[in-house]
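Asker: Enclosed is the structure file protein.txt (compact mmCIF, C-alpha atoms).
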```txt
# COMPACT_ATOMS: atom_id res chain seq x y z
CA MET A 1 18.51 -171.77 -35.18
CA PHE A 2 21.96 -172.96 -36.21
CA GLY A 3 23.35 -171.73 -32.93
CA THR A 4 20.84 -173.96 -31.14
CA ALA A 5 21.61 -176.86 -33.48
CA LEU A 6 25.35 -176.52 -32.88
CA ILE A 7 25.09 -176.49 -29.09
CA VAL A 8 22.67 -179.43 -29.03
CA PHE A 9 24.97 -181.28 -31.44
CA ARG A 10 27.97 -180.73 -29.17
CA GLU A 11 26.08 -182.07 -26.18
CA VAL A 12 24.58 -185.05 -28.03
CA LEU A 13 27.88 -185.97 -29.69
CA GLU A 14 29.56 -187.33 -26.58
CA ALA A 15 26.64 -189.55 -25.61
CA ALA A 16 26.26 -190.74 -29.22
CA LEU A 17 29.93 -191.74 -29.39
CA ILE A 18 29.65 -193.69 -26.15
CA ILE A 19 26.52 -195.51 -27.36
CA GLY A 20 28.25 -196.27 -30.68
CA VAL A 21 31.25 -197.83 -28.94
CA MET A 22 29.13 -199.79 -26.47
CA ALA A 23 26.85 -201.08 -29.22
CA ALA A 24 29.86 -202.31 -31.18
CA ALA A 25 31.54 -203.74 -28.08
CA THR A 26 28.51 -205.89 -27.28
CA LYS A 27 28.04 -207.19 -30.81
CA GLY A 28 26.74 -210.73 -30.62
CA VAL A 29 25.22 -210.43 -27.16
CA PRO A 30 21.53 -211.30 -27.64
CA THR A 31 18.81 -208.70 -26.89
CA ARG A 32 21.36 -205.93 -26.42
CA GLY A 33 19.29 -203.61 -28.63
CA ARG A 34 16.51 -203.58 -26.08
CA TRP A 35 18.98 -202.69 -23.31
CA LEU A 36 20.63 -199.95 -25.35
CA LEU A 37 17.23 -198.43 -26.03
CA GLY A 38 16.24 -198.86 -22.39
CA GLY A 39 19.41 -197.07 -21.31
CA THR A 40 18.77 -194.22 -23.72
CA LEU A 41 15.18 -193.77 -22.55
CA LEU A 42 16.19 -193.97 -18.89
CA GLY A 43 18.88 -191.37 -19.58
CA LEU A 44 16.39 -189.05 -21.27
CA ALA A 45 13.96 -189.33 -18.37
CA GLY A 46 16.85 -188.76 -15.97
CA SER A 47 17.95 -185.68 -17.93
CA ALA A 48 14.59 -184.02 -17.37
CA ILE A 49 14.69 -184.86 -13.67
CA VAL A 50 18.28 -183.65 -13.22
CA ALA A 51 17.59 -180.47 -15.19
CA ALA A 52 14.52 -179.76 -13.06
CA SER A 53 16.43 -180.32 -9.83
CA MET A 54 19.63 -178.59 -10.97
CA GLU A 55 19.07 -175.76 -8.55
CA GLY A 56 18.91 -178.15 -5.63
CA ILE A 57 21.94 -180.07 -6.86
CA ALA A 58 23.88 -176.84 -7.37
CA GLN A 59 23.14 -175.54 -3.86
CA PHE A 60 24.16 -178.80 -2.26
CA ALA A 61 27.59 -178.94 -0.53
CA ASP A 62 28.30 -175.21 -0.52
CA GLY A 63 27.59 -174.73 -4.22
CA LEU A 64 29.79 -177.64 -5.23
CA GLY A 65 27.02 -180.23 -5.54
CA GLN A 66 27.18 -180.25 -9.31
CA GLU A 67 30.83 -181.31 -9.34
CA ILE A 68 30.21 -183.99 -6.73
CA PHE A 69 27.17 -185.23 -8.66
CA ASN A 70 29.06 -185.34 -11.97
CA ALA A 71 32.11 -187.01 -10.45
CA SER A 72 29.89 -189.60 -8.74
CA ILE A 73 27.95 -190.65 -11.82
CA LEU A 74 31.18 -190.73 -13.83
CA GLY A 75 32.65 -192.93 -11.10
CA VAL A 76 29.70 -195.32 -11.42
CA ALA A 77 30.16 -195.40 -15.20
CA VAL A 78 33.87 -196.17 -14.81
CA LEU A 79 33.12 -199.09 -12.47
CA MET A 80 30.49 -200.42 -14.87
CA LEU A 81 32.82 -200.16 -17.85
CA ALA A 82 35.62 -201.84 -15.89
CA TRP A 83 33.30 -204.72 -15.03
CA HIS A 84 32.12 -204.90 -18.63
CA SER A 85 35.68 -204.95 -20.01
CA ILE A 86 36.77 -207.69 -17.67
CA TRP A 87 33.67 -209.77 -18.34
CA MET A 88 34.05 -209.37 -22.11
CA ALA A 89 37.70 -210.41 -21.78
CA SER A 90 36.56 -213.84 -20.68
CA HIS A 91 33.44 -214.27 -22.84
CA GLY A 92 33.42 -211.57 -25.46
CA ARG A 93 35.73 -213.11 -28.02
CA ALA A 94 33.51 -216.13 -28.42
CA LEU A 95 30.43 -213.90 -28.69
CA ALA A 96 32.01 -211.60 -31.25
CA VAL A 97 33.44 -214.39 -33.41
CA GLU A 98 30.52 -216.77 -33.39
CA ALA A 99 27.92 -214.01 -33.16
CA GLN A 100 25.94 -216.16 -30.79
CA SER A 101 26.17 -216.94 -27.14
CA ILE A 102 27.34 -220.24 -25.86
CA GLY A 103 25.98 -222.12 -22.90
CA GLY A 104 25.91 -220.26 -19.61
CA ALA A 105 27.14 -217.09 -21.28
CA ILE A 106 23.52 -216.16 -21.97
CA ARG A 107 22.75 -215.75 -18.30
CA ASP A 108 25.95 -213.77 -17.67
CA GLY A 109 25.26 -211.86 -20.86
CA GLN A 110 22.10 -210.49 -19.36
CA ARG A 111 24.09 -209.20 -16.45
CA THR A 112 26.58 -207.37 -18.62
CA LEU A 113 23.64 -205.92 -20.51
CA SER A 114 22.25 -204.29 -17.40
CA VAL A 115 25.71 -202.77 -16.95
CA LEU A 116 25.53 -201.58 -20.54
CA MET A 117 22.16 -199.99 -19.85
CA VAL A 118 23.50 -198.07 -16.86
CA VAL A 119 26.51 -196.79 -18.83
CA VAL A 120 24.32 -195.61 -21.69
CA ALA A 121 21.81 -194.04 -19.30
CA ILE A 122 24.58 -192.11 -17.52
CA ALA A 123 26.08 -190.91 -20.81
CA VAL A 124 22.69 -189.66 -22.01
CA LEU A 125 21.83 -188.19 -18.63
CA ARG A 126 25.00 -186.10 -18.34
CA GLU A 127 24.74 -184.48 -21.74
CA GLY A 128 20.95 -184.54 -21.80
CA ALA A 129 20.50 -182.52 -18.63
CA GLU A 130 22.66 -179.72 -20.05
CA THR A 131 20.74 -179.80 -23.31
CA VAL A 132 17.42 -179.55 -21.49
CA LEU A 133 18.67 -176.58 -19.43
CA PHE A 134 19.98 -174.85 -22.53
CA LEU A 135 16.75 -175.30 -24.50
CA TYR A 136 14.78 -174.22 -21.45
CA GLY A 137 16.85 -171.03 -21.33
CA VAL A 138 16.31 -170.38 -25.02
CA ALA A 139 12.57 -170.90 -24.63
CA LEU A 140 12.42 -168.63 -21.60
CA SER A 141 14.45 -165.79 -23.05
CA GLY A 142 12.27 -165.76 -26.14
CA SER A 143 15.32 -164.99 -28.28
CA SER A 144 14.10 -167.42 -30.92
CA SER A 145 10.70 -168.81 -31.83
CA VAL A 146 9.48 -172.20 -30.70
CA VAL A 147 9.70 -173.50 -34.26
CA GLU A 148 13.27 -172.28 -34.66
CA MET A 149 14.24 -173.81 -31.36
CA SER A 150 12.59 -177.16 -32.09
CA VAL A 151 14.07 -177.40 -35.57
CA GLY A 152 17.50 -176.39 -34.28
CA GLY A 153 17.31 -178.86 -31.43
CA ALA A 154 16.16 -181.66 -33.70
CA LEU A 155 18.90 -180.91 -36.25
CA GLY A 156 21.54 -181.02 -33.52
CA MET A 157 20.20 -184.29 -32.16
CA VAL A 158 20.03 -185.93 -35.58
CA GLY A 159 23.57 -184.70 -36.32
CA GLY A 160 24.91 -186.22 -33.11
CA ALA A 161 23.07 -189.48 -33.73
CA VAL A 162 24.47 -189.70 -37.27
CA VAL A 163 28.02 -189.48 -35.90
CA GLY A 164 27.26 -192.23 -33.37
CA VAL A 165 25.73 -194.52 -36.00
CA THR A 166 28.62 -193.85 -38.39
CA LEU A 167 31.08 -194.78 -35.66
CA TYR A 168 29.13 -197.98 -34.94
CA PHE A 169 29.13 -199.15 -38.56
CA GLY A 170 32.74 -198.05 -38.92
CA LEU A 171 33.70 -200.24 -35.98
CA LEU A 172 31.75 -203.19 -37.40
CA ARG A 173 33.96 -203.05 -40.50
CA ILE A 174 37.00 -203.94 -38.43
CA PRO A 175 38.00 -207.50 -39.39
CA VAL A 176 36.82 -210.14 -36.93
CA ARG A 177 40.41 -210.96 -35.98
CA TRP A 178 40.99 -207.50 -34.55
CA PHE A 179 37.44 -206.54 -33.75
CA PHE A 180 37.45 -207.77 -30.20
CA ALA A 181 40.83 -206.27 -29.36
CA ALA A 182 39.88 -202.94 -30.95
CA THR A 183 36.55 -202.55 -29.16
CA SER A 184 38.12 -203.70 -25.86
CA VAL A 185 40.80 -201.02 -26.12
CA LEU A 186 38.15 -198.43 -26.98
CA VAL A 187 35.99 -199.30 -23.98
CA LEU A 188 39.07 -199.28 -21.74
CA LEU A 189 40.10 -195.81 -22.97
CA LEU A 190 36.50 -194.60 -22.63
CA ALA A 191 36.56 -195.64 -18.97
CA ALA A 192 39.98 -194.04 -18.41
CA GLY A 193 38.75 -190.82 -20.03
CA MET A 194 35.69 -190.75 -17.77
CA ALA A 195 37.90 -191.23 -14.72
CA ALA A 196 40.03 -188.27 -15.83
CA GLN A 197 36.87 -186.17 -16.25
CA ALA A 198 35.72 -187.14 -12.77
CA ALA A 199 39.11 -186.01 -11.44
CA ARG A 200 38.72 -182.69 -13.23
CA PHE A 201 35.36 -182.06 -11.57
CA LEU A 202 36.85 -182.82 -8.16
CA VAL A 203 39.70 -180.37 -8.81
CA GLN A 204 37.13 -177.78 -9.89
CA ALA A 205 35.43 -178.28 -6.51
CA ASP A 206 38.80 -178.11 -4.74
CA LEU A 207 38.35 -181.63 -3.38
CA LEU A 208 41.47 -182.95 -5.11
CA PRO A 209 44.80 -181.25 -5.77
CA SER A 210 45.45 -180.56 -9.45
CA LEU A 211 49.07 -181.81 -9.27
CA LYS A 212 50.37 -179.23 -11.73
CA SER A 213 47.83 -177.75 -14.07
CA PRO A 214 48.26 -178.02 -16.96
CA LEU A 215 50.76 -180.86 -16.99
CA TRP A 216 51.23 -180.15 -20.68
CA ASP A 217 49.54 -177.95 -23.26
CA ILE A 218 49.16 -179.06 -26.86
CA SER A 219 46.13 -176.89 -27.57
CA SER A 220 48.07 -175.21 -30.39
CA VAL A 221 48.35 -178.61 -32.12
CA LEU A 222 44.88 -180.05 -31.44
CA PRO A 223 42.56 -177.82 -29.39
CA ASN A 224 39.73 -179.39 -27.38
CA GLU A 225 37.17 -177.27 -29.18
CA SER A 226 38.17 -178.44 -32.68
CA ALA A 227 35.93 -181.06 -34.30
CA PHE A 228 38.57 -183.78 -34.13
CA GLY A 229 39.49 -182.79 -30.58
CA ALA A 230 35.85 -183.00 -29.51
CA VAL A 231 35.42 -186.46 -31.04
CA LEU A 232 38.63 -187.69 -29.43
CA HIS A 233 37.48 -186.20 -26.13
CA GLY A 234 34.21 -188.12 -26.33
CA LEU A 235 35.92 -191.34 -27.38
CA ILE A 236 39.15 -191.59 -25.42
CA GLY A 237 38.99 -188.61 -23.06
CA TYR A 238 41.39 -186.43 -25.05
CA ASP A 239 42.36 -183.22 -23.27
CA ALA A 240 44.83 -180.74 -24.79
CA HIS A 241 45.91 -179.40 -21.41
CA PRO A 242 45.14 -181.84 -18.62
CA ALA A 243 45.96 -181.38 -14.97
CA GLY A 244 48.43 -183.84 -13.49
CA ILE A 245 45.73 -185.56 -11.45
CA GLN A 246 43.66 -186.19 -14.61
CA VAL A 247 46.60 -187.97 -16.22
CA LEU A 248 47.14 -189.94 -13.02
CA PHE A 249 43.47 -191.07 -12.90
CA TYR A 250 43.58 -191.91 -16.61
CA VAL A 251 46.68 -194.10 -16.30
CA VAL A 252 45.67 -195.81 -13.03
CA VAL A 253 42.18 -196.74 -14.29
CA GLY A 254 43.52 -197.82 -17.70
CA VAL A 255 46.22 -200.02 -16.18
CA ALA A 256 43.84 -201.48 -13.56
CA ILE A 257 41.29 -202.53 -16.21
CA ALA A 258 44.00 -203.95 -18.49
CA ALA A 259 45.41 -205.91 -15.56
CA GLY A 260 41.94 -207.23 -14.70
CA MET A 261 41.37 -208.33 -18.30
CA ARG A 262 44.74 -210.12 -18.43
CA TRP A 263 44.10 -211.83 -15.14
CA VAL A 264 40.70 -213.14 -16.25
CA LYS A 265 42.14 -214.37 -19.54
CA SER A 266 45.07 -216.20 -17.93
CA ARG A 267 42.76 -217.78 -15.37
CA LYS A 268 40.51 -219.00 -18.15
CA LYS A 269 43.40 -220.60 -20.02
CA ILE A 270 44.39 -222.55 -16.91
CA THR A 271 40.84 -223.87 -16.44
CA LYS A 272 40.69 -224.86 -20.09
CA THR A 273 43.94 -226.85 -20.02
CA THR A 274 43.06 -228.59 -16.77
CA SER A 275 39.62 -229.59 -18.03
CA LYS A 276 41.20 -230.96 -21.22
CA LYS A 277 43.56 -233.11 -19.21
CA TYR A 278 40.59 -234.32 -17.25
CA VAL A 279 38.85 -235.38 -20.43
CA HIS A 280 41.98 -237.16 -21.67
CA THR A 281 42.28 -239.33 -18.61
CA TYR A 282 38.89 -240.78 -19.30
CA MET B 1 31.12 -144.95 -16.87
CA GLN B 2 31.19 -147.40 -14.12
CA LYS B 3 34.04 -149.73 -14.72
CA LEU B 4 34.25 -152.30 -12.06
CA ILE B 5 37.59 -153.74 -11.20
CA ALA B 6 37.21 -157.17 -9.70
CA PRO B 7 37.26 -156.91 -5.96
CA LEU B 8 40.05 -159.03 -4.61
CA LEU B 9 38.81 -160.52 -1.44
CA LEU B 10 41.20 -162.45 0.71
CA ALA B 11 38.98 -164.85 2.53
CA PHE B 12 39.60 -167.89 4.62
CA SER B 13 38.02 -170.80 2.87
CA VAL B 14 35.88 -173.05 5.02
CA THR B 15 37.13 -176.23 3.44
CA ALA B 16 40.82 -175.51 2.94
CA PHE B 17 43.32 -174.22 5.41
CA ALA B 18 45.13 -172.27 2.74
CA THR B 19 44.11 -168.71 2.06
CA ASP B 20 42.10 -168.62 -1.13
CA ILE B 21 41.57 -165.60 -3.27
CA GLU B 22 37.91 -165.11 -3.98
CA ILE B 23 36.70 -163.27 -7.05
CA LYS B 24 33.09 -162.30 -7.63
CA LEU B 25 31.47 -162.24 -11.05
CA VAL B 26 27.91 -161.38 -11.95
CA ILE B 27 25.90 -162.58 -14.93
CA GLU B 28 23.25 -160.07 -15.93
CA ASN B 29 21.46 -159.74 -19.27
CA HIS B 30 23.62 -162.62 -20.51
CA ARG B 31 26.84 -160.68 -19.88
CA PHE B 32 29.63 -161.16 -17.38
CA GLN B 33 30.42 -158.26 -15.05
CA PRO B 34 33.30 -157.59 -14.99
CA SER B 35 34.26 -159.14 -18.29
CA THR B 36 37.97 -158.72 -17.69
CA VAL B 37 39.23 -160.20 -14.46
CA ASN B 38 42.77 -159.64 -13.23
CA VAL B 39 44.14 -162.34 -10.95
CA PRO B 40 47.57 -163.07 -9.53
CA ALA B 41 49.48 -165.85 -11.26
CA GLY B 42 50.56 -168.91 -9.33
CA GLN B 43 47.68 -168.96 -6.85
CA LYS B 44 44.51 -170.92 -6.45
CA ILE B 45 41.43 -168.77 -7.01
CA LYS B 46 37.80 -169.26 -6.15
CA LEU B 47 35.44 -167.74 -8.69
CA VAL B 48 32.07 -166.96 -7.20
CA ILE B 49 29.60 -166.36 -10.01
CA GLU B 50 26.16 -164.97 -9.40
CA ASN B 51 23.61 -165.49 -12.15
CA ARG B 52 20.99 -162.75 -11.88
CA ASP B 53 19.23 -163.78 -15.09
CA ALA B 54 16.03 -165.78 -15.18
CA THR B 55 17.72 -168.39 -17.40
CA PRO B 56 20.48 -170.88 -16.61
CA GLU B 57 23.99 -170.30 -17.93
CA GLU B 58 26.97 -172.56 -18.40
CA PHE B 59 30.36 -171.14 -17.48
CA ASP B 60 32.70 -172.72 -19.99
CA SER B 61 36.40 -172.19 -20.57
CA HIS B 62 38.58 -174.44 -22.69
CA ALA B 63 41.65 -172.50 -21.61
CA LEU B 64 40.85 -173.01 -17.93
CA ASN B 65 39.46 -176.49 -18.48
CA ARG B 66 36.31 -175.69 -16.56
CA GLU B 67 32.59 -176.02 -17.17
CA LYS B 68 29.71 -175.56 -14.81
CA VAL B 69 26.01 -174.91 -15.13
CA ILE B 70 24.80 -171.97 -13.06
CA PRO B 71 21.02 -172.17 -12.60
CA ALA B 72 18.87 -169.05 -12.90
CA LYS B 73 19.01 -166.64 -9.95
CA SER B 74 21.72 -168.53 -8.14
CA THR B 75 25.39 -168.43 -7.23
CA ALA B 76 28.04 -171.02 -7.99
CA SER B 77 31.70 -171.45 -7.06
CA ILE B 78 34.45 -172.68 -9.34
CA TYR B 79 38.06 -173.21 -8.30
CA ILE B 80 40.71 -172.34 -10.86
CA GLY B 81 44.47 -172.17 -10.94
CA PRO B 82 47.18 -171.84 -9.84
CA LEU B 83 47.51 -170.24 -13.27
CA ALA B 84 50.62 -169.42 -15.27
CA ALA B 85 50.76 -165.78 -16.37
CA GLY B 86 48.58 -165.30 -19.43
CA SER B 87 45.07 -164.74 -20.75
CA TYR B 88 42.27 -167.24 -20.30
CA PRO B 89 39.05 -166.54 -22.20
CA PHE B 90 35.72 -167.87 -20.93
CA VAL B 91 32.15 -167.84 -22.22
CA GLY B 92 28.62 -168.48 -21.08
CA GLU B 93 27.95 -171.36 -23.43
CA PHE B 94 24.20 -170.82 -23.53
CA ASN B 95 24.61 -167.21 -24.67
CA GLU B 96 27.99 -167.20 -26.33
CA LYS B 97 27.38 -164.05 -28.37
CA THR B 98 27.12 -161.73 -25.39
CA ALA B 99 28.39 -163.71 -22.44
CA ASN B 100 32.14 -163.76 -22.73
CA GLY B 101 35.10 -162.53 -20.82
CA ILE B 102 38.73 -163.05 -20.06
CA ILE B 103 40.81 -163.83 -17.01
CA VAL B 104 44.24 -162.25 -17.01
CA ALA B 105 46.80 -163.79 -14.70
CA LYS B 106 49.82 -161.63 -13.88
```
Please lay out the structure from this file as structure tokens.

Answerer:
Amino acid sequence: MFGTALIVFREVLEAALIIGVMAAATKGVPTRGRWLLGGTLLGLAGSAIVAASMEGIAQFADGLGQEIFNASILGVAVLMLAWHSIWMASHGRALAVEAQSIGGAIRDGQRTLSVLMVVVAIAVLREGAETVLFLYGVALSGSSSVVEMSVGGALGMVGGAVVGVTLYFGLLRIPVRWFFAATSVLVLLLAAGMAAQAARFLVQADLLPSLKSPLWDISSVLPNESAFGAVLHGLIGYDAHPAGIQVLFYVVVGVAIAAGMRWVKSRKKITKTTSKKYVHTY
Amino acid sequence: MQKLIAPLLLAFSVTAFATDIEIKLVIENHRFQPSTVNVPAGQKIKLVIENRDATPEEFDSHALNREKVIPAKSTASIYIGPLAAGSYPFVGEFNEKTANGIIVAK
């Protein structure tokens, strides 16, 4: 039972961390709760579908369909998070500080919420499909009773959810002054970490060169499988021994999003000053 | 006792022009056969894993930085390496107690 709980916990953890960060990052955007829930439910439904069609996915592309599938949905999530980060860079501060939307931001806010829903759905889908397959295997092998399996699975899920909720409330305690910057950096690193994971899947399928693997190895200091390592992996894509290409993807995506955020901010400042001048001349 | 030494098959990969080393593994009764796999260091290797069980398994190795679900009664490929000389443990995450093994690169 505890074996089941532990495995389910490990799978749920990553999705829970992502939902926690995204919930905090969209604080102040109206009706985001509905979209977060929608994303979670979509992800759960998707998990069942992906798990059921895993055989087909696995056979696709000479037995490398799973890697291509994983890398593709991670790629979509990275694009969504990049868009979200850049949008929040121009509107988010006002939303976070005033805890209410201003003017036309409501309409745009709905758009960023659909992005949020997709990101959450993908996070749940990736981990959920594996959980479904695992529980299916346990049920089929008859190595533990249905009750044991259900209780174990539920314990693992609750455990993962508790970590996500704790992270969310922890993030909310960050003072307003730094809150926006902190959640922006977290979302940016989340996206960079997903890009690195996508790269790893493509190396695994031999579709990308590894560019020296591992580039470094600090698994003696903080192994991936340790509790802290696992949390950092879910949050910022920590990897104790990444391949060179993973580091490259991480840095390129991180820098690209940061550059996009800066560009949007500087553009906004210019519009603000020009509109002020305009007012003054009247 | 039938101790299988991993057959080293030099095969031309369809996708790459380079010569890949292909290694076959079988999952049966939630165990890897062979459970110790000797591979040459410094070369890219294609692991071909056949799952003969009626349940899915997840090949998982922190040391190799690889994870892949292998559905029931199916075969999956995973590229690893080039590896530095050393030992790289792996497990079947869904049946960690019995499904485990080690890749030794020399």

Asker: Near range 58-64 of chain B, within 6 Å and counting all atoms listed in the file, which residues show up once chain neighbours fewer than 6 positions away are dropped, as a tab-separated table (two decimals) with C-alpha atoms, in the coordinates of the input?

Answerer:
```tsv
chain	number	residue	atom	x	y	z
B	70	ILE	CA	24.80	-171.97	-13.06
B	88	TYR	CA	42.27	-167.24	-20.30
B	90	PHE	CA	35.72	-167.87	-20.93
B	91	VAL	CA	32.15	-167.84	-22.22
B	92	GLY	CA	28.62	-168.48	-21.08
B	93	GLU	CA	27.95	-171.36	-23.43
```

Asker: Skip range 253-270 of chain A itself and residues of its chain fewer than 3 positions away, then list as number ranges by chain all residues within 6 Å of it, counting all atoms listed in the file.

Answerer: A: 82, 86, 89-90, 192, 249-250, 273

Asker: Return as an MDAnalysis selection string the residues belonging to chain A that are within 9 Å of chain B, counting only C-alpha atoms.

Answerer: chainID A and resid 4 7 54:55 58:59 62:64 66:67 130 133:138 140:141 200:201 203:207 210 212:214 219 223:225 239 241:243

Asker: Could you tell me how far CA of Met1 in chain A lies from CA of Gly159 in chain A, in Å and to one decimal?

Answerer: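 For CA of Met1 in chain A relative to CA of Gly159 in chain A, the distance reads 13.9 Å.
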
Asker: Quick one: residues within 10 Å of Ala77 in chain A, all atoms listed in the file counted, chain neighbours fewer than 2 positions away excluded, as a PyMOL selection string?

Answerer: chain A and resi 71-75+79-83+115-116+118-123+190-191+194-195

Asker: Residues within 9 Å of Ser184 in chain A, please, as a list in words. Count only C-alpha atoms; anything in the same chain fewer than 6 positions from it doesn't count.

Answerer: Ala25, Ser85, Met88 and Ala89 of chain A

Asker: Hey, can you check how far CA of Ala85 in chain B sits from CA of Leu215 in chain A?

Answerer: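 A separation of 15.1 Å between them.
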
Asker: Which of these, B:Arg52, B:Gly86, B:Val26, B:Ala99, has the shortest distance to Val39 in chain B once you count all atoms listed in the file?

Answerer: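 For Val39 in chain B, the nearest of the candidates is B:Gly86.
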
Asker: Need the shell around range 169-177 of chain A: protein/DNA/RNA residues with any atom at most 9 Å away, counting only C-alpha atoms. Skip same-chain ones fewer than 5 positions apart. Format as number ranges by chain?

Answerer: A: 20-21, 24-25, 27, 96-97, 164, 182-183

Asker: May I have the protein, DNA and RNA residues with any atom at most 6 Å from the point (16.8, -174.8, -31.1), counting all atoms listed in the file, written as a PDB file with C-alpha atoms, keeping the file's coordinate frame?

Answerer:
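Here's the written file selection_1.pdb:
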```pdb
ATOM      1  CA  MET A   1      18.510-171.770 -35.180  1.00  0.00           C
ATOM      2  CA  THR A   4      20.840-173.960 -31.140  1.00  0.00           C
ATOM      3  CA  ALA A   5      21.610-176.860 -33.480  1.00  0.00           C
ATOM      4  CA  GLU A 148      13.270-172.280 -34.660  1.00  0.00           C
ATOM      5  CA  MET A 149      14.240-173.810 -31.360  1.00  0.00           C
ATOM      6  CA  SER A 150      12.590-177.160 -32.090  1.00  0.00           C
ATOM      7  CA  VAL A 151      14.070-177.400 -35.570  1.00  0.00           C
ATOM      8  CA  GLY A 152      17.500-176.390 -34.280  1.00  0.00           C
ATOM      9  CA  GLY A 153      17.310-178.860 -31.430  1.00  0.00           C
TER      10      GLY A 153
END
```

Asker: By how many Å are CA of Leu189 in chain A and CA of Val231 in chain A apart?

Answerer: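 Taking CA of Leu189 in chain A and CA of Val231 in chain A, their separation equals 13.2 Å.
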
Asker: Would you compute an axis-aligned box for range 190-195 of chain A, covering every atom listed for it in the file with 6 Å of margin on each side, and report centre and edge lengths in Å to one decimal as AutoDock Vina command-line options?

Answerer:
```
--center_x 37.8 --center_y -193.2 --center_z -18.7 --size_x 16.3 --size_y 16.9 --size_z 19.9
```

Asker: When you write range 111-122 of chain A out from the block above, keep N, CA and C atoms and present the result as a tab-separated table (two decimals), in the first residue's frame, please.

Answerer:
```tsv
chain	number	residue	atom	x	y	z
A	111	ARG	N	-7.74	35.51	-21.96
A	111	ARG	CA	-6.89	34.80	-22.91
A	111	ARG	C	-5.73	34.11	-22.17
A	112	THR	N	-5.13	34.82	-21.23
A	112	THR	CA	-4.03	34.20	-20.51
A	112	THR	C	-4.53	33.05	-19.65
A	113	LEU	N	-5.82	33.11	-19.30
A	113	LEU	CA	-6.37	32.02	-18.50
A	113	LEU	C	-6.55	30.74	-19.32
A	114	SER	N	-6.85	30.90	-20.59
A	114	SER	CA	-6.96	29.68	-21.41
A	114	SER	C	-5.57	29.07	-21.57
A	115	VAL	N	-4.55	29.94	-21.61
A	115	VAL	CA	-3.16	29.44	-21.65
A	115	VAL	C	-2.87	28.68	-20.35
A	116	LEU	N	-3.28	29.28	-19.25
A	116	LEU	CA	-3.09	28.65	-17.94
A	116	LEU	C	-3.74	27.28	-17.91
A	117	MET	N	-4.94	27.18	-18.47
A	117	MET	CA	-5.66	25.91	-18.47
A	117	MET	C	-4.89	24.85	-19.26
A	118	VAL	N	-4.34	25.25	-20.38
A	118	VAL	CA	-3.59	24.29	-21.21
A	118	VAL	C	-2.34	23.80	-20.45
A	119	VAL	N	-1.64	24.73	-19.81
A	119	VAL	CA	-0.43	24.35	-19.08
A	119	VAL	C	-0.76	23.36	-17.96
A	120	VAL	N	-1.80	23.67	-17.21
A	120	VAL	CA	-2.20	22.79	-16.12
A	120	VAL	C	-2.64	21.42	-16.66
A	121	ALA	N	-3.41	21.46	-17.75
A	121	ALA	CA	-3.89	20.20	-18.33
A	121	ALA	C	-2.71	19.33	-18.77
A	122	ILE	N	-1.71	19.95	-19.38
A	122	ILE	CA	-0.54	19.19	-19.85
A	122	ILE	C	0.23	18.61	-18.67
```
